[in-house]
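Reproduced below: my_file_6.txt, with compact mmCIF, N, CA and C atoms.
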```txt
# COMPACT_ATOMS: atom_id res chain seq x y z
N GLN K 1122 0.84 -1.18 0.00
CA GLN K 1122 0.00 0.00 0.00
C GLN K 1122 0.88 1.24 0.00
N ALA K 1123 0.49 2.24 -0.76
CA ALA K 1123 1.26 3.48 -0.87
C ALA K 1123 0.54 4.61 -0.17
N GLN K 1124 1.32 5.43 0.52
CA GLN K 1124 0.80 6.68 1.07
C GLN K 1124 1.42 7.82 0.28
N LEU K 1125 0.59 8.72 -0.18
CA LEU K 1125 1.03 9.80 -1.05
C LEU K 1125 0.75 11.15 -0.42
N VAL K 1126 1.68 12.08 -0.55
CA VAL K 1126 1.49 13.43 -0.04
C VAL K 1126 1.99 14.42 -1.07
N GLU K 1127 1.11 15.33 -1.49
CA GLU K 1127 1.48 16.35 -2.45
C GLU K 1127 2.00 17.60 -1.73
N SER K 1128 2.83 18.36 -2.43
CA SER K 1128 3.29 19.65 -1.93
C SER K 1128 3.63 20.53 -3.13
N GLY K 1129 3.83 21.82 -2.85
CA GLY K 1129 4.24 22.74 -3.90
C GLY K 1129 3.14 23.62 -4.45
N GLY K 1130 1.92 23.40 -3.98
CA GLY K 1130 0.83 24.26 -4.44
C GLY K 1130 0.95 25.66 -3.86
N GLY K 1131 0.09 26.57 -4.34
CA GLY K 1131 0.10 27.92 -3.82
C GLY K 1131 -0.59 28.86 -4.77
N LEU K 1132 -0.34 30.14 -4.55
CA LEU K 1132 -0.93 31.21 -5.36
C LEU K 1132 0.10 31.70 -6.37
N VAL K 1133 -0.31 31.78 -7.62
CA VAL K 1133 0.60 32.24 -8.67
C VAL K 1133 -0.20 33.08 -9.66
N GLN K 1134 0.45 34.05 -10.26
CA GLN K 1134 -0.21 34.87 -11.27
C GLN K 1134 -0.29 34.11 -12.59
N ALA K 1135 -1.27 34.47 -13.39
CA ALA K 1135 -1.40 33.88 -14.71
C ALA K 1135 -0.10 34.06 -15.49
N GLY K 1136 0.31 32.98 -16.14
CA GLY K 1136 1.58 33.00 -16.86
C GLY K 1136 2.74 32.49 -16.05
N GLY K 1137 2.52 32.32 -14.76
CA GLY K 1137 3.59 31.87 -13.88
C GLY K 1137 3.74 30.36 -13.86
N SER K 1138 4.64 29.90 -13.00
CA SER K 1138 4.97 28.48 -12.92
C SER K 1138 4.93 27.98 -11.49
N LEU K 1139 4.64 26.71 -11.37
CA LEU K 1139 4.73 26.00 -10.09
C LEU K 1139 5.26 24.60 -10.35
N ARG K 1140 5.91 24.05 -9.34
CA ARG K 1140 6.35 22.66 -9.43
C ARG K 1140 5.74 21.90 -8.26
N LEU K 1141 4.90 20.95 -8.59
CA LEU K 1141 4.29 20.10 -7.57
C LEU K 1141 5.13 18.85 -7.36
N SER K 1142 5.15 18.39 -6.12
CA SER K 1142 5.83 17.15 -5.78
C SER K 1142 4.85 16.21 -5.12
N CYS K 1143 5.09 14.93 -5.32
CA CYS K 1143 4.28 13.89 -4.68
C CYS K 1143 5.25 12.89 -4.07
N ALA K 1144 5.31 12.87 -2.75
CA ALA K 1144 6.20 11.96 -2.04
C ALA K 1144 5.42 10.71 -1.63
N ALA K 1145 6.03 9.57 -1.89
CA ALA K 1145 5.38 8.31 -1.58
C ALA K 1145 6.12 7.59 -0.46
N SER K 1146 5.36 6.92 0.37
CA SER K 1146 5.94 6.06 1.40
C SER K 1146 5.19 4.73 1.37
N GLY K 1147 5.73 3.77 2.08
CA GLY K 1147 5.12 2.45 2.03
C GLY K 1147 5.76 1.66 0.91
N ARG K 1148 4.98 1.14 0.03
CA ARG K 1148 5.49 0.36 -1.09
C ARG K 1148 6.32 1.22 -2.03
N THR K 1149 7.37 0.67 -2.60
CA THR K 1149 8.26 1.45 -3.44
C THR K 1149 7.53 2.02 -4.65
N LEU K 1150 7.88 3.23 -4.99
CA LEU K 1150 7.17 3.96 -6.03
C LEU K 1150 7.28 3.29 -7.40
N SER K 1151 8.38 2.58 -7.65
CA SER K 1151 8.58 1.99 -8.97
C SER K 1151 7.56 0.89 -9.28
N THR K 1152 6.78 0.52 -8.27
CA THR K 1152 5.73 -0.46 -8.47
C THR K 1152 4.53 0.12 -9.22
N TYR K 1153 4.42 1.45 -9.23
CA TYR K 1153 3.21 2.11 -9.70
C TYR K 1153 3.45 2.99 -10.91
N ALA K 1154 2.47 3.00 -11.80
CA ALA K 1154 2.33 4.12 -12.70
C ALA K 1154 1.71 5.26 -11.89
N MET K 1155 2.05 6.49 -12.24
CA MET K 1155 1.60 7.63 -11.44
C MET K 1155 0.85 8.63 -12.31
N GLY K 1156 -0.10 9.29 -11.69
CA GLY K 1156 -0.86 10.29 -12.42
C GLY K 1156 -1.10 11.53 -11.58
N TRP K 1157 -1.33 12.62 -12.27
CA TRP K 1157 -1.76 13.86 -11.65
C TRP K 1157 -3.16 14.18 -12.18
N PHE K 1158 -4.03 14.53 -11.27
CA PHE K 1158 -5.39 14.93 -11.60
C PHE K 1158 -5.68 16.27 -10.92
N ARG K 1159 -6.75 16.92 -11.35
CA ARG K 1159 -7.16 18.15 -10.69
C ARG K 1159 -8.67 18.22 -10.65
N GLN K 1160 -9.15 18.95 -9.65
CA GLN K 1160 -10.60 19.13 -9.49
C GLN K 1160 -10.88 20.55 -9.03
N ALA K 1161 -11.61 21.26 -9.84
CA ALA K 1161 -12.05 22.62 -9.50
C ALA K 1161 -13.42 22.54 -8.83
N PRO K 1162 -13.77 23.55 -8.05
CA PRO K 1162 -15.08 23.54 -7.39
C PRO K 1162 -16.23 23.37 -8.37
N GLY K 1163 -17.11 22.43 -8.08
CA GLY K 1163 -18.26 22.21 -8.93
C GLY K 1163 -17.98 21.45 -10.21
N LYS K 1164 -16.75 21.00 -10.38
CA LYS K 1164 -16.39 20.27 -11.60
C LYS K 1164 -15.92 18.86 -11.26
N GLU K 1165 -15.90 18.01 -12.27
CA GLU K 1165 -15.43 16.65 -12.07
C GLU K 1165 -13.90 16.62 -12.04
N ARG K 1166 -13.39 15.56 -11.41
CA ARG K 1166 -11.95 15.37 -11.39
C ARG K 1166 -11.48 15.06 -12.81
N GLU K 1167 -10.40 15.70 -13.23
CA GLU K 1167 -9.92 15.49 -14.58
C GLU K 1167 -8.44 15.11 -14.60
N PHE K 1168 -8.10 14.29 -15.56
CA PHE K 1168 -6.73 13.84 -15.76
C PHE K 1168 -5.88 15.01 -16.27
N VAL K 1169 -4.67 15.11 -15.73
CA VAL K 1169 -3.73 16.13 -16.17
C VAL K 1169 -2.54 15.49 -16.89
N ALA K 1170 -1.87 14.55 -16.21
CA ALA K 1170 -0.68 13.92 -16.78
C ALA K 1170 -0.44 12.59 -16.09
N GLY K 1171 0.24 11.69 -16.80
CA GLY K 1171 0.58 10.39 -16.22
C GLY K 1171 1.94 9.93 -16.71
N ILE K 1172 2.54 9.04 -15.92
CA ILE K 1172 3.86 8.53 -16.26
C ILE K 1172 3.92 7.06 -15.89
N SER K 1173 4.54 6.27 -16.76
CA SER K 1173 4.60 4.83 -16.55
C SER K 1173 5.55 4.48 -15.41
N ARG K 1174 5.48 3.23 -14.99
CA ARG K 1174 6.35 2.76 -13.91
C ARG K 1174 7.82 3.02 -14.21
N SER K 1175 8.20 2.78 -15.44
CA SER K 1175 9.59 2.94 -15.84
C SER K 1175 9.97 4.40 -16.05
N GLY K 1176 8.98 5.24 -16.22
CA GLY K 1176 9.25 6.64 -16.55
C GLY K 1176 9.43 6.88 -18.04
N GLY K 1177 9.40 5.83 -18.83
CA GLY K 1177 9.66 5.97 -20.25
C GLY K 1177 8.48 6.43 -21.08
N VAL K 1178 7.29 6.35 -20.52
CA VAL K 1178 6.08 6.75 -21.23
C VAL K 1178 5.36 7.81 -20.42
N THR K 1179 5.01 8.90 -21.07
CA THR K 1179 4.23 9.96 -20.44
C THR K 1179 3.02 10.26 -21.31
N TYR K 1180 2.00 10.79 -20.66
CA TYR K 1180 0.74 11.09 -21.36
C TYR K 1180 0.13 12.34 -20.74
N TYR K 1181 -0.35 13.24 -21.58
CA TYR K 1181 -0.86 14.51 -21.09
C TYR K 1181 -2.27 14.78 -21.64
N ALA K 1182 -3.04 15.48 -20.84
CA ALA K 1182 -4.30 16.02 -21.35
C ALA K 1182 -3.98 17.06 -22.43
N ASP K 1183 -4.80 17.14 -23.43
CA ASP K 1183 -4.55 18.08 -24.53
C ASP K 1183 -4.40 19.51 -24.03
N SER K 1184 -5.13 19.84 -22.98
CA SER K 1184 -5.15 21.21 -22.48
C SER K 1184 -3.83 21.65 -21.86
N VAL K 1185 -2.96 20.68 -21.50
CA VAL K 1185 -1.71 21.04 -20.83
C VAL K 1185 -0.47 20.69 -21.64
N LYS K 1186 -0.65 20.06 -22.77
CA LYS K 1186 0.50 19.67 -23.59
C LYS K 1186 1.35 20.88 -23.96
N GLY K 1187 2.64 20.71 -23.81
CA GLY K 1187 3.56 21.79 -24.13
C GLY K 1187 3.81 22.76 -22.99
N ARG K 1188 2.98 22.67 -21.94
CA ARG K 1188 3.14 23.57 -20.80
C ARG K 1188 3.49 22.83 -19.51
N PHE K 1189 2.97 21.63 -19.34
CA PHE K 1189 3.21 20.84 -18.14
C PHE K 1189 4.16 19.69 -18.47
N SER K 1190 4.90 19.27 -17.46
CA SER K 1190 5.82 18.15 -17.64
C SER K 1190 5.81 17.29 -16.38
N ILE K 1191 5.59 15.99 -16.57
CA ILE K 1191 5.60 15.06 -15.45
C ILE K 1191 6.91 14.29 -15.48
N SER K 1192 7.46 14.02 -14.29
CA SER K 1192 8.68 13.25 -14.19
C SER K 1192 8.66 12.49 -12.87
N ARG K 1193 9.58 11.55 -12.74
CA ARG K 1193 9.64 10.77 -11.51
C ARG K 1193 11.07 10.44 -11.17
N ASP K 1194 11.31 10.32 -9.87
CA ASP K 1194 12.60 9.89 -9.36
C ASP K 1194 12.31 8.70 -8.44
N ASN K 1195 12.43 7.51 -8.98
CA ASN K 1195 12.07 6.32 -8.19
C ASN K 1195 13.00 6.13 -7.00
N ALA K 1196 14.23 6.56 -7.13
CA ALA K 1196 15.17 6.43 -6.01
C ALA K 1196 14.75 7.30 -4.83
N GLU K 1197 14.13 8.44 -5.14
CA GLU K 1197 13.65 9.36 -4.11
C GLU K 1197 12.16 9.15 -3.80
N ASN K 1198 11.53 8.18 -4.49
CA ASN K 1198 10.10 7.91 -4.27
C ASN K 1198 9.25 9.16 -4.45
N THR K 1199 9.56 9.93 -5.48
CA THR K 1199 8.87 11.20 -5.70
C THR K 1199 8.50 11.37 -7.17
N VAL K 1200 7.34 11.95 -7.38
CA VAL K 1200 6.87 12.30 -8.71
C VAL K 1200 6.66 13.81 -8.75
N TYR K 1201 6.95 14.41 -9.89
CA TYR K 1201 6.87 15.86 -10.02
C TYR K 1201 5.92 16.25 -11.16
N LEU K 1202 5.36 17.44 -11.01
CA LEU K 1202 4.59 18.03 -12.10
C LEU K 1202 5.05 19.48 -12.23
N GLN K 1203 5.78 19.76 -13.28
CA GLN K 1203 6.20 21.13 -13.58
C GLN K 1203 5.11 21.78 -14.41
N MET K 1204 4.59 22.89 -13.92
CA MET K 1204 3.49 23.58 -14.60
C MET K 1204 3.94 24.98 -14.99
N ASN K 1205 3.94 25.25 -16.27
CA ASN K 1205 4.34 26.55 -16.80
C ASN K 1205 3.16 27.22 -17.50
N SER K 1206 3.25 28.52 -17.65
CA SER K 1206 2.22 29.30 -18.35
C SER K 1206 0.83 29.00 -17.80
N LEU K 1207 0.71 29.04 -16.50
CA LEU K 1207 -0.55 28.70 -15.86
C LEU K 1207 -1.65 29.70 -16.20
N LYS K 1208 -2.88 29.20 -16.26
CA LYS K 1208 -4.04 30.01 -16.63
C LYS K 1208 -5.00 30.06 -15.45
N PRO K 1209 -5.78 31.13 -15.33
CA PRO K 1209 -6.74 31.24 -14.22
C PRO K 1209 -7.71 30.07 -14.15
N GLY K 1210 -8.10 29.54 -15.29
CA GLY K 1210 -9.03 28.41 -15.30
C GLY K 1210 -8.44 27.13 -14.76
N GLU K 1211 -7.14 27.14 -14.44
CA GLU K 1211 -6.49 25.94 -13.91
C GLU K 1211 -6.42 25.94 -12.39
N THR K 1212 -7.10 26.89 -11.79
CA THR K 1212 -7.24 26.87 -10.34
C THR K 1212 -8.02 25.62 -9.93
N ALA K 1213 -7.42 24.84 -9.03
CA ALA K 1213 -8.03 23.58 -8.63
C ALA K 1213 -7.21 22.96 -7.51
N VAL K 1214 -7.75 21.91 -6.93
CA VAL K 1214 -6.95 21.05 -6.07
C VAL K 1214 -6.31 20.00 -6.97
N TYR K 1215 -5.01 19.86 -6.84
CA TYR K 1215 -4.25 18.91 -7.65
C TYR K 1215 -3.91 17.69 -6.79
N TYR K 1216 -4.19 16.52 -7.37
CA TYR K 1216 -3.98 15.26 -6.67
C TYR K 1216 -2.98 14.40 -7.43
N CYS K 1217 -2.12 13.69 -6.69
CA CYS K 1217 -1.36 12.63 -7.33
C CYS K 1217 -1.99 11.30 -6.96
N ALA K 1218 -1.80 10.33 -7.83
CA ALA K 1218 -2.42 9.03 -7.64
C ALA K 1218 -1.50 7.94 -8.17
N ALA K 1219 -1.65 6.75 -7.59
CA ALA K 1219 -0.81 5.61 -7.94
C ALA K 1219 -1.65 4.46 -8.49
N ASP K 1220 -1.16 3.87 -9.54
CA ASP K 1220 -1.87 2.78 -10.22
C ASP K 1220 -0.95 1.57 -10.31
N LEU K 1221 -1.42 0.44 -9.76
CA LEU K 1221 -0.66 -0.81 -9.84
C LEU K 1221 -0.79 -1.38 -11.25
N ALA K 1222 -0.19 -0.68 -12.19
CA ALA K 1222 -0.32 -1.05 -13.60
C ALA K 1222 0.41 -2.37 -13.86
N PRO K 1223 -0.21 -3.28 -14.59
CA PRO K 1223 0.43 -4.57 -14.87
C PRO K 1223 1.62 -4.46 -15.81
N SER K 1224 1.64 -3.41 -16.63
CA SER K 1224 2.73 -3.24 -17.60
C SER K 1224 3.61 -2.07 -17.18
N PRO K 1225 4.92 -2.17 -17.35
CA PRO K 1225 5.80 -1.04 -17.01
C PRO K 1225 5.66 0.13 -17.98
N PHE K 1226 4.88 -0.07 -19.06
CA PHE K 1226 4.74 0.99 -20.06
C PHE K 1226 3.34 1.58 -20.10
N MET K 1227 2.48 1.16 -19.19
CA MET K 1227 1.09 1.58 -19.22
C MET K 1227 0.88 2.88 -18.46
N VAL K 1228 0.03 3.75 -19.02
CA VAL K 1228 -0.39 4.97 -18.35
C VAL K 1228 -1.89 5.10 -18.53
N GLU K 1229 -2.61 5.27 -17.43
CA GLU K 1229 -4.06 5.39 -17.47
C GLU K 1229 -4.48 6.85 -17.29
N SER K 1230 -5.51 7.25 -18.00
CA SER K 1230 -6.08 8.58 -17.81
C SER K 1230 -7.40 8.53 -17.03
N ASP K 1231 -7.93 7.34 -16.81
CA ASP K 1231 -9.18 7.15 -16.09
C ASP K 1231 -8.90 7.10 -14.60
N PHE K 1232 -9.48 8.03 -13.84
CA PHE K 1232 -9.15 8.10 -12.41
C PHE K 1232 -9.62 6.85 -11.68
N LEU K 1233 -10.57 6.13 -12.23
CA LEU K 1233 -11.05 4.91 -11.57
C LEU K 1233 -10.00 3.80 -11.56
N LYS K 1234 -8.98 3.93 -12.40
CA LYS K 1234 -7.93 2.91 -12.47
C LYS K 1234 -6.88 3.09 -11.37
N TYR K 1235 -6.91 4.19 -10.68
CA TYR K 1235 -5.88 4.49 -9.70
C TYR K 1235 -6.34 4.06 -8.30
N GLU K 1236 -5.46 3.33 -7.62
CA GLU K 1236 -5.83 2.73 -6.34
C GLU K 1236 -5.57 3.64 -5.15
N TYR K 1237 -4.54 4.47 -5.23
CA TYR K 1237 -4.14 5.27 -4.07
C TYR K 1237 -4.06 6.74 -4.45
N TRP K 1238 -4.46 7.58 -3.50
CA TRP K 1238 -4.55 9.01 -3.75
C TRP K 1238 -3.95 9.79 -2.58
N GLY K 1239 -3.35 10.94 -2.92
CA GLY K 1239 -2.94 11.87 -1.89
C GLY K 1239 -4.10 12.78 -1.51
N PRO K 1240 -3.93 13.59 -0.47
CA PRO K 1240 -5.00 14.50 -0.01
C PRO K 1240 -5.18 15.70 -0.91
N GLY K 1241 -4.20 16.00 -1.78
CA GLY K 1241 -4.32 17.12 -2.70
C GLY K 1241 -3.60 18.36 -2.22
N THR K 1242 -3.27 19.22 -3.17
CA THR K 1242 -2.66 20.51 -2.87
C THR K 1242 -3.35 21.58 -3.72
N GLN K 1243 -3.65 22.71 -3.09
CA GLN K 1243 -4.40 23.76 -3.77
C GLN K 1243 -3.48 24.58 -4.67
N VAL K 1244 -3.91 24.78 -5.90
CA VAL K 1244 -3.23 25.67 -6.82
C VAL K 1244 -4.23 26.76 -7.21
N THR K 1245 -3.85 28.00 -6.98
CA THR K 1245 -4.71 29.13 -7.33
C THR K 1245 -3.96 30.03 -8.30
N VAL K 1246 -4.57 30.25 -9.46
CA VAL K 1246 -3.96 31.08 -10.49
C VAL K 1246 -4.77 32.36 -10.60
N SER K 1247 -4.15 33.48 -10.29
CA SER K 1247 -4.86 34.76 -10.32
C SER K 1247 -4.67 35.42 -11.69
N SER K 1248 -5.68 36.19 -12.07
CA SER K 1248 -5.62 36.85 -13.39
C SER K 1248 -5.04 38.24 -13.27
```
Please re-express this file's structure in structure tokens.
Amino acid sequence: QAQLVESGGGLVQAGGSLRLSCAASGRTLSTYAMGWFRQAPGKEREFVAGISRSGGVTYYADSVKGRFSISRDNAENTVYLQMNSLKPGETAVYYCAADLAPSPFMVESDFLKYEYWGPGTQVTVSS
């Protein structure tokens, strides 16, 4: 079982950048494919980015391609989300999640596929 904790959220102006971190404890992180999701008030949780167990495969929502970058350091049991050129509409609680993917190259965008979740970190983008 994995315990996940996000950090790095905060208030940033539109066009600015933030780097989110997700620290894992318990089972080693290399066991899981990892994903970042976000949920704004009154909206459904949406996929942002995912990375395979090996780190060799990444997948992004169309809305963040070219601006966000997901990476992982299995030795440090940490996953990162670098967010650049942030927009006011991206204000949300950002969650990291872990998926016991059967393949080292698999990345899921469906939040129902993820078994473990962190409590989330608030990102607020001001205009």
Closest to Ala1144 (chain K) among K:Ser1184, K:Arg1174, K:Glu1236, K:Asp1194, using only C-alpha atoms?
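The answer is K:Asp1194, which sits nearest to Ala1144 (chain K).
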Need to verify the contact set: Leu1125 (chain K), 8 Å, all atoms listed in the file, exclusion of same-chain residues closer than 6 positions in sequence. Can you return it as a ChimeraX atom specification?
/K:1143-1147,1217-1219,1237-1241
Grab the CA of Asn1205 (chain K) to CA of Leu1233 (chain K) distance for me, in Å with one decimal place.
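Atom-to-atom, CA of Asn1205 (chain K) to CA of Leu1233 (chain K), that is 27.1 Å.
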Expressed in Å, the length from atom N of Leu1221 (chain K) to atom N of Tyr1235 (chain K) is 6.7 Å
Top pick for closest residue to Ser1128 (chain K), considering K:Leu1207, K:Leu1202, K:Val1228, K:Val1185 and counting only C-alpha atoms:
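Looking only at the distances to Ser1128 (chain K), the closest residue turns out to be K:Leu1202.
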The residue from K:Met1155, K:Gln1160, K:Ser1142, K:Met1204 with the smallest atom-to-atom distance to Gly1130 (chain K), counting only N, CA and C atoms, is K:Ser1142
By how many Å are atom C of Tyr1181 (chain K) and atom C of Gly1131 (chain K) apart?
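So the two atoms, atom C of Tyr1181 (chain K) and atom C of Gly1131 (chain K), lie 22.0 Å apart.
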Write out as CSV a residue-level contact list of region 1149-1218 of chain K versus region 1133-1141 of chain K with cut-off 10 Å: for each qualifying residue the closest pair of atoms and the distance in Å to one decimal, counting only C-alpha atoms, rows sorted by chain and residue number upward.
```
residue,atom,partner,partner_atom,distance
K:Trp1157,CA,K:Leu1141,CA,9.6
K:Arg1188,CA,K:Ser1138,CA,9.5
K:Phe1189,CA,K:Ser1138,CA,9.4
K:Ser1190,CA,K:Arg1140,CA,9.4
K:Ile1191,CA,K:Leu1141,CA,9.4
K:Val1200,CA,K:Leu1141,CA,8.3
K:Tyr1201,CA,K:Leu1141,CA,5.5
K:Leu1202,CA,K:Leu1141,CA,5.0
K:Gln1203,CA,K:Arg1140,CA,4.4
K:Met1204,CA,K:Leu1139,CA,5.3
K:Asn1205,CA,K:Ser1138,CA,4.4
K:Ser1206,CA,K:Gly1136,CA,4.0
K:Leu1207,CA,K:Gly1136,CA,4.9
K:Lys1208,CA,K:Ala1135,CA,5.1
K:Pro1209,CA,K:Ala1135,CA,6.0
K:Gly1210,CA,K:Ala1135,CA,9.4
K:Glu1211,CA,K:Ala1135,CA,9.5
K:Thr1212,CA,K:Val1133,CA,9.6
K:Tyr1215,CA,K:Leu1141,CA,8.6
K:Tyr1216,CA,K:Leu1141,CA,9.6
K:Cys1217,CA,K:Leu1141,CA,9.4
```
Let me make sure I understand: among K:Asp1183, K:Ala1213, K:Ala1222, K:Gly1156, which one has the smallest atom-to-atom distance to Ala1170 (chain K) if we use only C-alpha atoms?
K:Gly1156
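Using only C-alpha atoms, the shortest contact distance between Phe1158 (chain K) and any of K:Ala1123, K:Ile1172, K:Val1214, K:Val1178 is found at K:Val1214.
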Among the residues K:Thr1242, K:Gln1122, K:Asn1195, K:Ser1175, the one that comes closest to Arg1159 (chain K) [using only C-alpha atoms]
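Of the candidates, the smallest distance to Arg1159 (chain K) is held by K:Thr1242.
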